[in-house]
Structure formats: structure tokens, C-alpha cells
$ cat query_3.txt   # compact mmCIF, C-alpha atoms (C1' of nucleotides)
# COMPACT_ATOMS: atom_id res chain seq x y z
CA MET B 26 -94.24 -16.61 -39.59
CA LYS B 27 -91.44 -16.09 -42.07
CA ARG B 28 -88.44 -18.33 -41.66
CA ASN B 29 -84.84 -17.86 -42.58
CA THR B 30 -83.46 -20.53 -44.81
CA TRP B 31 -80.08 -20.86 -46.46
CA GLN B 32 -81.86 -20.82 -49.80
CA ARG B 33 -83.29 -17.39 -49.25
CA GLU B 34 -79.91 -16.14 -48.12
CA ALA B 35 -78.28 -17.68 -51.16
CA VAL B 36 -80.64 -15.84 -53.45
CA ARG B 37 -80.15 -12.57 -51.65
CA GLY B 38 -76.40 -13.08 -51.78
CA ALA B 39 -76.30 -14.05 -55.43
CA LEU B 40 -78.40 -11.06 -56.34
CA GLY B 41 -75.95 -8.82 -54.58
CA THR B 42 -73.04 -10.05 -56.66
CA GLN B 43 -74.75 -9.22 -59.94
CA MET B 44 -73.80 -6.06 -61.74
CA GLY B 45 -77.15 -5.36 -63.28
CA PHE B 46 -80.52 -6.96 -63.73
CA VAL B 47 -80.77 -10.73 -63.92
CA SER B 48 -83.57 -13.07 -64.75
CA ALA B 49 -84.70 -15.68 -62.28
CA GLN B 50 -83.49 -18.35 -64.67
CA ALA B 51 -80.05 -16.79 -64.94
CA LEU B 52 -79.74 -16.43 -61.20
CA HIS B 53 -80.70 -20.04 -60.77
CA SER B 54 -78.06 -21.16 -63.27
CA SER B 55 -75.53 -18.99 -61.56
CA LEU B 56 -76.30 -20.56 -58.20
CA LYS B 57 -76.12 -24.04 -59.65
CA ASN B 58 -72.74 -23.24 -61.17
CA THR B 59 -71.37 -22.34 -57.79
CA GLY B 60 -72.43 -25.70 -56.44
CA SER B 61 -75.74 -24.80 -54.88
CA GLN B 62 -78.50 -27.33 -55.23
CA ILE B 63 -81.26 -24.78 -54.88
CA GLY B 64 -84.43 -25.43 -56.84
CA LEU B 65 -85.73 -23.22 -59.60
CA ALA B 66 -89.13 -22.70 -58.03
CA THR B 67 -87.45 -21.57 -54.85
CA VAL B 68 -85.45 -18.95 -56.70
CA TYR B 69 -88.66 -17.57 -58.20
CA ARG B 70 -90.30 -17.48 -54.80
CA ALA B 71 -87.34 -15.87 -53.10
CA LEU B 72 -87.07 -13.19 -55.76
CA ALA B 73 -90.75 -12.43 -55.56
CA ASP B 74 -90.43 -12.09 -51.80
CA LEU B 75 -87.40 -9.84 -52.00
CA ALA B 76 -89.17 -7.67 -54.53
CA SER B 77 -92.30 -7.32 -52.42
CA GLU B 78 -90.22 -6.44 -49.38
CA GLY B 79 -88.45 -3.73 -51.32
CA GLU B 80 -85.06 -5.40 -51.21
CA ALA B 81 -85.03 -5.92 -54.95
CA ASP B 82 -86.22 -4.06 -57.99
CA SER B 83 -88.02 -5.87 -60.72
CA LEU B 84 -88.77 -4.86 -64.24
CA GLN B 85 -89.79 -6.50 -67.48
CA SER B 86 -87.18 -6.86 -70.18
CA PRO B 87 -88.25 -5.93 -73.69
CA GLU B 88 -88.56 -9.66 -74.32
CA GLY B 89 -91.01 -10.02 -71.48
CA GLU B 90 -88.74 -11.71 -68.98
CA ALA B 91 -88.91 -10.56 -65.39
CA LEU B 92 -85.57 -9.17 -64.27
CA TYR B 93 -84.44 -8.51 -60.73
CA ARG B 94 -81.73 -6.54 -59.05
CA ALA B 95 -80.68 -5.81 -55.50
CA CYS B 96 -81.37 -2.19 -54.72
CA SER B 97 -81.37 0.47 -52.14
CA LEU B 98 -84.68 0.92 -50.40
CA ALA B 99 -85.39 4.42 -51.60
CA HIS B 100 -87.43 5.06 -54.67
CA HIS B 101 -85.18 5.46 -57.68
CA HIS B 102 -84.84 4.78 -61.36
CA HIS B 103 -82.34 3.09 -63.61
CA LEU B 104 -79.96 3.72 -66.42
CA ILE B 105 -79.30 0.37 -68.01
CA CYS B 106 -76.76 -0.67 -70.64
CA ARG B 107 -78.46 -2.60 -73.41
CA SER B 108 -75.29 -4.51 -74.08
CA CYS B 109 -73.57 -5.46 -70.83
CA GLY B 110 -76.41 -4.85 -68.42
CA LEU B 111 -74.49 -2.36 -66.31
CA THR B 112 -77.00 -0.52 -64.22
CA VAL B 113 -76.74 2.87 -62.61
CA GLU B 114 -79.27 3.92 -60.04
CA ILE B 115 -80.39 7.46 -60.62
CA GLU B 116 -82.41 9.89 -58.66
CA ALA B 117 -84.91 11.93 -60.48
CA ASP B 118 -86.67 14.37 -58.26
CA GLU B 119 -87.35 16.41 -61.32
CA VAL B 120 -89.20 13.52 -62.90
CA GLU B 121 -90.99 12.53 -59.72
CA GLU B 122 -92.39 15.98 -59.53
CA TRP B 123 -93.31 16.03 -63.19
CA ALA B 124 -95.07 12.66 -62.93
CA GLY B 125 -97.20 13.77 -60.01
CA ARG B 126 -98.03 17.03 -61.68
CA THR B 127 -98.96 15.40 -64.97
CA ALA B 128 -101.08 12.75 -63.32
CA SER B 129 -103.17 15.18 -61.35
CA LEU B 130 -103.45 17.49 -64.34
CA HIS B 131 -105.38 14.70 -66.04
CA GLY B 132 -107.37 13.73 -62.97
CA PHE B 133 -105.34 10.62 -62.17
CA SER B 134 -104.66 9.67 -58.60
CA ARG B 135 -102.16 7.38 -56.91
CA PRO B 136 -99.64 7.71 -59.69
CA GLU B 137 -96.85 5.21 -59.95
CA HIS B 138 -94.38 5.57 -62.68
CA VAL B 139 -91.90 3.54 -64.61
CA VAL B 140 -88.95 5.62 -65.67
CA ASP B 141 -86.02 3.69 -66.99
CA ILE B 142 -83.45 4.73 -69.54
CA PHE B 143 -81.78 2.16 -71.76
CA GLY B 144 -78.65 2.98 -73.72
CA PHE B 145 -75.12 1.86 -74.34
CA CYS B 146 -72.53 2.53 -71.68
CA SER B 147 -69.19 4.02 -72.57
CA ALA B 148 -67.60 0.55 -72.75
CA CYS B 149 -70.25 -0.83 -75.07
CA VAL B 150 -70.79 1.89 -77.64
CA PRO B 151 -71.51 0.00 -80.87
CA THR B 152 -69.67 0.85 -84.07
CA MET P 15 -92.58 -6.41 -100.94
CA LYS P 16 -95.19 -5.73 -98.27
CA ARG P 17 -98.74 -6.60 -99.21
CA ASN P 18 -102.05 -5.29 -98.02
CA THR P 19 -104.34 -7.96 -96.71
CA TRP P 20 -107.76 -7.70 -95.16
CA GLN P 21 -106.29 -9.32 -92.07
CA ARG P 22 -103.81 -6.54 -91.52
CA GLU P 23 -106.53 -3.97 -92.04
CA ALA P 24 -108.77 -5.79 -89.61
CA VAL P 25 -106.10 -5.65 -86.94
CA ARG P 26 -105.38 -2.01 -87.56
CA GLY P 27 -109.10 -1.28 -87.44
CA ALA P 28 -109.71 -3.26 -84.28
CA LEU P 29 -106.83 -1.55 -82.54
CA GLY P 30 -108.34 1.79 -83.40
CA THR P 31 -111.60 0.95 -81.65
CA GLN P 32 -109.89 0.11 -78.38
CA MET P 33 -109.83 2.65 -75.59
CA GLY P 34 -106.54 1.68 -74.09
CA PHE P 35 -103.93 -1.02 -74.36
CA VAL P 36 -104.94 -4.50 -75.40
CA SER P 37 -103.12 -7.78 -75.52
CA ALA P 38 -102.75 -9.68 -78.74
CA GLN P 39 -104.91 -12.42 -77.29
CA ALA P 40 -107.68 -10.00 -76.37
CA LEU P 41 -107.61 -8.38 -79.76
CA HIS P 42 -107.85 -11.76 -81.40
CA SER P 43 -110.85 -12.71 -79.29
CA SER P 44 -112.45 -9.40 -80.07
CA LEU P 45 -112.00 -9.98 -83.78
CA LYS P 46 -113.38 -13.48 -83.53
CA ASN P 47 -116.42 -12.16 -81.69
CA THR P 48 -117.22 -9.83 -84.55
CA GLY P 49 -117.19 -12.74 -86.95
CA SER P 50 -113.68 -12.49 -88.31
CA GLN P 51 -111.89 -15.74 -88.93
CA ILE P 52 -108.44 -14.27 -88.55
CA GLY P 53 -105.80 -16.53 -87.04
CA LEU P 54 -104.05 -15.86 -83.78
CA ALA P 55 -100.57 -16.01 -85.27
CA THR P 56 -101.59 -13.42 -87.82
CA VAL P 57 -102.75 -11.04 -85.12
CA TYR P 58 -99.39 -11.36 -83.43
CA ARG P 59 -97.59 -10.71 -86.70
CA ALA P 60 -99.75 -7.76 -87.62
CA LEU P 61 -99.30 -6.16 -84.22
CA ALA P 62 -95.55 -6.63 -84.34
CA ASP P 63 -95.52 -5.00 -87.77
CA LEU P 64 -97.66 -2.08 -86.70
CA ALA P 65 -95.43 -1.56 -83.70
CA SER P 66 -92.24 -1.62 -85.72
CA GLU P 67 -93.71 0.83 -88.22
CA GLY P 68 -94.63 3.19 -85.43
CA GLU P 69 -98.38 2.86 -85.93
CA ALA P 70 -98.82 1.21 -82.58
CA ASP P 71 -97.25 1.50 -79.16
CA SER P 72 -96.32 -1.57 -77.24
CA LEU P 73 -95.49 -2.06 -73.62
CA GLN P 74 -95.26 -4.88 -71.14
CA SER P 75 -97.99 -5.20 -68.56
CA PRO P 76 -96.87 -5.88 -65.00
CA GLU P 77 -97.85 -9.49 -65.62
CA GLY P 78 -95.51 -9.73 -68.57
CA GLU P 79 -98.06 -9.64 -71.35
CA ALA P 80 -97.30 -7.51 -74.36
CA LEU P 81 -99.93 -4.82 -74.80
CA TYR P 82 -100.57 -2.72 -77.88
CA ARG P 83 -102.37 0.46 -78.71
CA ALA P 84 -102.89 2.57 -81.80
CA CYS P 85 -100.97 5.81 -81.46
CA SER P 86 -99.90 8.94 -83.14
CA LEU P 87 -96.56 8.74 -84.86
CA ALA P 88 -94.69 11.22 -82.73
CA HIS P 89 -92.71 10.09 -79.73
CA HIS P 90 -94.80 10.31 -76.61
CA HIS P 91 -95.55 8.68 -73.29
CA HIS P 92 -98.61 7.38 -71.52
CA LEU P 93 -100.76 7.93 -68.54
CA ILE P 94 -102.63 4.69 -67.98
CA CYS P 95 -105.51 3.87 -65.67
CA ARG P 96 -104.76 0.71 -63.71
CA SER P 97 -108.43 -0.06 -63.45
CA CYS P 98 -110.18 0.67 -66.73
CA GLY P 99 -107.20 0.94 -69.01
CA LEU P 100 -108.01 4.45 -70.16
CA THR P 101 -104.90 5.85 -71.74
CA VAL P 102 -103.87 9.45 -72.25
CA GLU P 103 -100.99 10.26 -74.52
CA ILE P 104 -98.74 12.82 -72.96
CA GLU P 105 -95.88 14.88 -74.23
CA ALA P 106 -92.91 15.29 -72.03
CA ASP P 107 -90.29 17.49 -73.55
CA GLU P 108 -89.09 18.12 -70.07
CA VAL P 109 -88.47 14.45 -69.52
CA GLU P 110 -86.98 13.89 -72.95
CA GLU P 111 -84.44 16.49 -72.16
CA TRP P 112 -83.78 15.12 -68.72
CA ALA P 113 -83.30 11.60 -70.06
CA GLY P 114 -80.77 12.70 -72.63
CA ARG P 115 -78.93 14.80 -70.12
CA THR P 116 -78.81 12.06 -67.51
CA ALA P 117 -77.68 9.44 -70.00
CA SER P 118 -74.76 11.47 -71.26
CA LEU P 119 -73.86 12.52 -67.75
CA HIS P 120 -73.13 8.87 -67.05
CA GLY P 121 -71.44 8.22 -70.37
CA PHE P 122 -74.36 6.42 -71.95
CA SER P 123 -75.16 6.87 -75.60
CA ARG P 124 -78.19 6.21 -77.76
CA PRO P 125 -80.59 6.56 -74.88
CA GLU P 126 -84.10 5.26 -75.21
CA HIS P 127 -86.43 5.62 -72.34
CA VAL P 128 -89.55 4.11 -70.94
CA VAL P 129 -91.64 6.67 -69.17
CA ASP P 130 -95.15 5.60 -68.34
CA ILE P 131 -97.32 6.65 -65.46
CA PHE P 132 -99.90 4.31 -64.01
CA GLY P 133 -102.65 5.53 -61.74
CA PHE P 134 -106.38 5.60 -61.28
CA CYS P 135 -108.41 7.90 -63.48
CA SER P 136 -111.09 10.11 -62.01
CA ALA P 137 -113.77 7.52 -62.78
CA CYS P 138 -111.91 4.69 -61.12
CA VAL P 139 -110.60 6.15 -57.88
CA PRO P 140 -110.70 3.28 -55.39
CA THR P 141 -112.17 3.71 -51.94
C1' DA I 25 -104.86 -15.38 -116.62
C1' DG I 26 -100.54 -16.77 -114.89
C1' DC I 27 -96.41 -16.35 -112.14
C1' DT I 28 -93.95 -15.71 -107.89
C1' DA I 29 -92.97 -14.39 -103.55
C1' DA I 30 -95.28 -12.82 -99.39
C1' DT I 31 -98.85 -14.08 -96.18
C1' DT I 32 -101.91 -16.86 -93.77
C1' DG I 33 -103.42 -20.14 -90.19
C1' DA I 34 -103.69 -24.63 -87.82
C1' DT I 35 -100.86 -26.68 -84.93
C1' DA I 36 -96.63 -27.88 -82.64
C1' DA I 37 -92.89 -26.10 -80.09
C1' DT I 38 -90.77 -23.08 -76.90
C1' DG I 39 -89.81 -20.87 -72.75
C1' DA I 40 -90.81 -18.43 -68.64
C1' DT I 41 -93.53 -18.74 -64.69
C1' DT I 42 -96.80 -20.85 -61.38
C1' DG I 43 -99.22 -24.72 -59.07
C1' DT I 44 -98.95 -29.17 -56.62
C1' DC I 45 -97.87 -31.83 -52.83
C1' DA I 46 -95.04 -35.03 -50.32
C1' DA I 47 -90.73 -34.69 -47.91
C1' DA I 48 -87.54 -31.90 -45.32
C1' DA I 49 -86.30 -28.11 -42.51
C1' DT I 50 -87.27 -24.25 -39.15
C1' DC I 51 -88.65 -22.29 -34.88
C1' DA I 52 -90.66 -22.30 -30.29
C1' DG I 53 -91.40 -24.52 -26.07
C1' DG I 54 -90.52 -27.80 -22.60
C1' DC W 11 -81.66 -31.49 -26.75
C1' DC W 12 -86.46 -33.57 -28.41
C1' DT W 13 -91.08 -32.71 -30.30
C1' DG W 14 -94.53 -30.97 -32.86
C1' DA W 15 -96.85 -27.63 -35.67
C1' DT W 16 -96.15 -25.10 -39.64
C1' DT W 17 -93.52 -23.28 -43.27
C1' DT W 18 -90.57 -24.04 -47.02
C1' DT W 19 -88.52 -26.67 -50.37
C1' DG W 20 -88.01 -28.90 -54.87
C1' DA W 21 -89.07 -32.11 -58.62
C1' DC W 22 -92.31 -32.13 -61.88
C1' DA W 23 -96.62 -31.09 -64.09
C1' DA W 24 -99.50 -27.50 -65.76
C1' DT W 25 -100.28 -22.99 -67.78
C1' DC W 26 -100.02 -19.26 -70.69
C1' DA W 27 -98.23 -16.08 -73.99
C1' DT W 28 -95.58 -16.06 -77.85
C1' DT W 29 -92.93 -17.98 -81.84
C1' DA W 30 -91.78 -21.40 -85.34
C1' DT W 31 -93.27 -24.55 -88.96
C1' DC W 32 -94.90 -25.33 -93.38
C1' DA W 33 -98.33 -26.41 -96.75
C1' DA W 34 -102.01 -23.84 -98.84
C1' DT W 35 -103.63 -19.41 -100.19
C1' DT W 36 -103.34 -14.86 -102.07
C1' DA W 37 -101.72 -10.08 -103.55
C1' DG W 38 -99.64 -7.61 -106.96
C1' DC W 39 -97.34 -7.48 -111.25
C1' DT W 40 -97.10 -8.42 -116.46
$ encode --input "query_3.txt" --output "C-alpha cells"
Amino acid sequence: MKRNTWQREAVRGALGTQMGFVSAQALHSSLKNTGSQIGLATVYRALADLASEGEADSLQSPEGEALYRACSLAHHHHLICRSCGLTVEIEADEVEEWAGRTASLHGFSRPEHVVDIFGFCSACVPT
Amino acid sequence: MKRNTWQREAVRGALGTQMGFVSAQALHSSLKNTGSQIGLATVYRALADLASEGEADSLQSPEGEALYRACSLAHHHHLICRSCGLTVEIEADEVEEWAGRTASLHGFSRPEHVVDIFGFCSACVPT
DNA sequence: AGCTAATTGATAATGATTGTCAAAATCAGG
DNA sequence: CCTGATTTTGACAATCATTATCAATTAGCT
């Protein structure tokens, strides 16, 4: 049976306060800074749980770190600022449809797709 | 000045013989198995070079490993079999256009996107 | 051949993530 | 409110991919 612990709640809460994607390490530091004594391993476990329950999105940063973010439950994609991490959830029915069509065109079944756009948000446009 | 070494050629050659995406580690093992004495660090360096020159594609596996694959120079996306690794390069003008449109709609500039579809190819459909 | 800077490769270092396992905390029932 | 079975935690060790180090080698030029 799954139990409710303050640690799990703390992770869920901390994730909710983040603007964009955060690494497990960063979230752990953040929690420690606010006085929590939560352990690093616990943060990893809680994030993995949240992700598998659909309460969080996870993706790999270009550097290979796993990043997490609280999300709505529906399937969606992301528009992520490379500079400040600002994340916008986007719907992409057009792309969903295209992905399914393309997959079956090539004989692939059970398609899952990764569609994320990285760029610079209006506040972070580099010179 | 960039030099041509047999090591770099060996990596380029080995990448070309692979069906789908391979990790640097796997490619190194593969080279060792065929008698090459190339060093692991060199494989990493060669792959990073090939990727930055556009001769190879790189992506992160769900487990966080960096995977590489020889590719054509034009921008394109992938349809990847989760089971056997078979990879099909796909063009997606439709998606390119959508990505650009969506990015600017939200005030993002210099969009780059990650659009890969994972599924099971016709030979690997699970029960 | 000889020079010089780029490249190699063995190994150490790094850094994120996972495994371990005893101690602590949770939930259900009485 | 206790008790007990079971889950969860957390400090730390272990792992694994990747990167840095740096002396020795080598490519490419003259």
C-alpha cells in the first residue's frame, strides 16, 4: 500500500512552485534551503513516483540530466526557454495526428513521441 | 587545424555500419571486438566532433545515455523502434512549420525542436 | 627529416542516479 | 490510544556514463 508522507508532499509542493523544469538535485537543494531535512534519495524516489503517476513530466536535458516539472494530466508538449527555463505547455493536435500517421505509414505501432521546442523567450532574447 | 587520424575514420566507419542509434560505449566495444585498439575517450571525442559537424545525430535515450547515429546532413527527425533500434529518417516540413509558428506565437525566438517518434516496427510488434 | 601543434589513450575525476539496509514512520485494527 | 506489520526514509556506498588530465605520439607542413 502506498503511504502519504510529508516528504512526498514536500516534493510535490516544491515542484509546483517551480516555473519550469528542475533537476532532482536542484529540487533537493531548494528544499534544503527552505529548511527541509529531506534526503536526496527520497527526492529521486518521489519524483520518479510522481512521473509514473502522471503528476509530473520528465525529460532529459541536453546535458543528460533528468528534469521534472509538475504538469496537467493531459498529454501535451512543451516550449522551453533555453535561458531562464520558462516553460509553456502547448497542445499540438496537429502534431499528434501527424505522428500517428507517420508511424503507421512506416509500419510502426504504439507510437509515442517526444515533441519539445527549445528557444529563447521574449525576456531572454540574446544579443 | 583539424587532422585526419585513423581513429576518427574508424569511428565514422563503425557508425556507418550500425542500423540504428548506438551509445559511445557500445561503439567502442564494437571497435574493440573487431581488433581496433582505439581508446574510449577518443571514441567520445570523435562522436562529439561528428555530431557537431552534422555528420551524426545524437539524442538522449530514456535512460539518459547519449546515442549517436550516422545521418544525412539535412535537418530531419527519427522514427525509432523501441525494440530493435531500427531507425527511419523522416522529413517533417509540416512539423517544422508548426514549430516555428508555435514558438513565435508565444514570443519565443531561435526555436530548435526535438521531434522523435518511438514505437515498435513491424518486425517487433509485441504480443 | 624536423618542427610544432593537434590528437591520442590510460587513468583519475566528476557528477548524476541507484542500491543497501538499519532505523523511523505510517496505517489498520483492537 | 497501543501494537505490529510493512513501507518509507536517509546516510552512504556503489555504479555508470562522461569528461578532464597530461605525457607520449603523430599528422601535416617546410
$ closest_residue --input "query_3.txt" --among "P:Leu45, P:Ala38, P:Val109, P:Ala117" --to "chain W" --atoms "all atoms listed in the file"
P:Ala38
$ atom_distance --input "query_3.txt" --atom1 "atom CA of Ala113 of chain P" --atom2 "atom CA of Gly68 of chain P"
20.9 Å
$ interface_residues --input "query_3.txt" --of "chain W" --to "chain P" --cutoff "8 Å" --atoms "only C-alpha atoms (C1' of nucleotides)" --output "list in words"
DA27, DA37 and DG38 of chain W
$ residues_around --input "query_3.txt" --residues "segment 31-39 of chain I" --least-positions-apart "3" --cutoff "9 Å" --atoms "all atoms listed in the file" --output "number ranges by chain"
P: 17, 19, 21, 52-56; W: 28-31, 34-37
$ closest_residue --input "query_3.txt" --among "P:Leu119, P:Glu103, P:Glu110, P:Gln74" --to "chain B" --atoms "all atoms listed in the file"
P:Gln74
$ closest_residue --input "query_3.txt" --among "P:Gln51, P:Ala84, P:Asp63, P:Ala137" --to "chain I" --atoms "all atoms listed in the file"
P:Gln51
$ interface_residues --input "query_3.txt" --of "chain P" --to "chain B" --cutoff "8 Å" --atoms "only C-alpha atoms" --output "PyMOL selection string"
chain P and resi 74+76+78-80+93+95+109+113+117+120-136+139
$ closest_atom_pairs --input "query_3.txt" --of "chain I" --to "chain B" --cutoff "9 Å" --atoms "only C-alpha atoms (C1' of nucleotides)" --output "CSV"
residue,atom,partner,partner_atom,distance
I:DA40,C1',B:Glu90,CA,7.0
I:DT41,C1',B:Tyr69,CA,8.2
I:DT42,C1',B:Ala66,CA,8.6
I:DA49,C1',B:Thr30,CA,8.4
I:DT50,C1',B:Arg28,CA,6.5
I:DC51,C1',B:Arg28,CA,7.9
$ atom_distance --input "query_3.txt" --atom1 "atom CA of Val36 of chain P" --atom2 "atom CA of Cys98 of chain P"
11.4 Å
$ residues_around --input "query_3.txt" --residues "Glu67 of chain P" --least-positions-apart "4" --cutoff "12 Å" --atoms "only C-alpha atoms (C1' of nucleotides)" --output "PDB file with C-alpha atoms, keeping the file's coordinate frame"
ATOM      1  CA  ALA P  60     -99.750  -7.760 -87.620  1.00  0.00           C
ATOM      2  CA  LEU P  61     -99.300  -6.160 -84.220  1.00  0.00           C
ATOM      3  CA  ALA P  62     -95.550  -6.630 -84.340  1.00  0.00           C
ATOM      4  CA  ASP P  63     -95.520  -5.000 -87.770  1.00  0.00           C
ATOM      5  CA  ASP P  71     -97.250   1.500 -79.160  1.00  0.00           C
ATOM      6  CA  SER P  72     -96.320  -1.570 -77.240  1.00  0.00           C
ATOM      7  CA  ALA P  84    -102.890   2.570 -81.800  1.00  0.00           C
ATOM      8  CA  CYS P  85    -100.970   5.810 -81.460  1.00  0.00           C
ATOM      9  CA  SER P  86     -99.900   8.940 -83.140  1.00  0.00           C
ATOM     10  CA  LEU P  87     -96.560   8.740 -84.860  1.00  0.00           C
ATOM     11  CA  ALA P  88     -94.690  11.220 -82.730  1.00  0.00           C
TER      12      ALA P  88
END
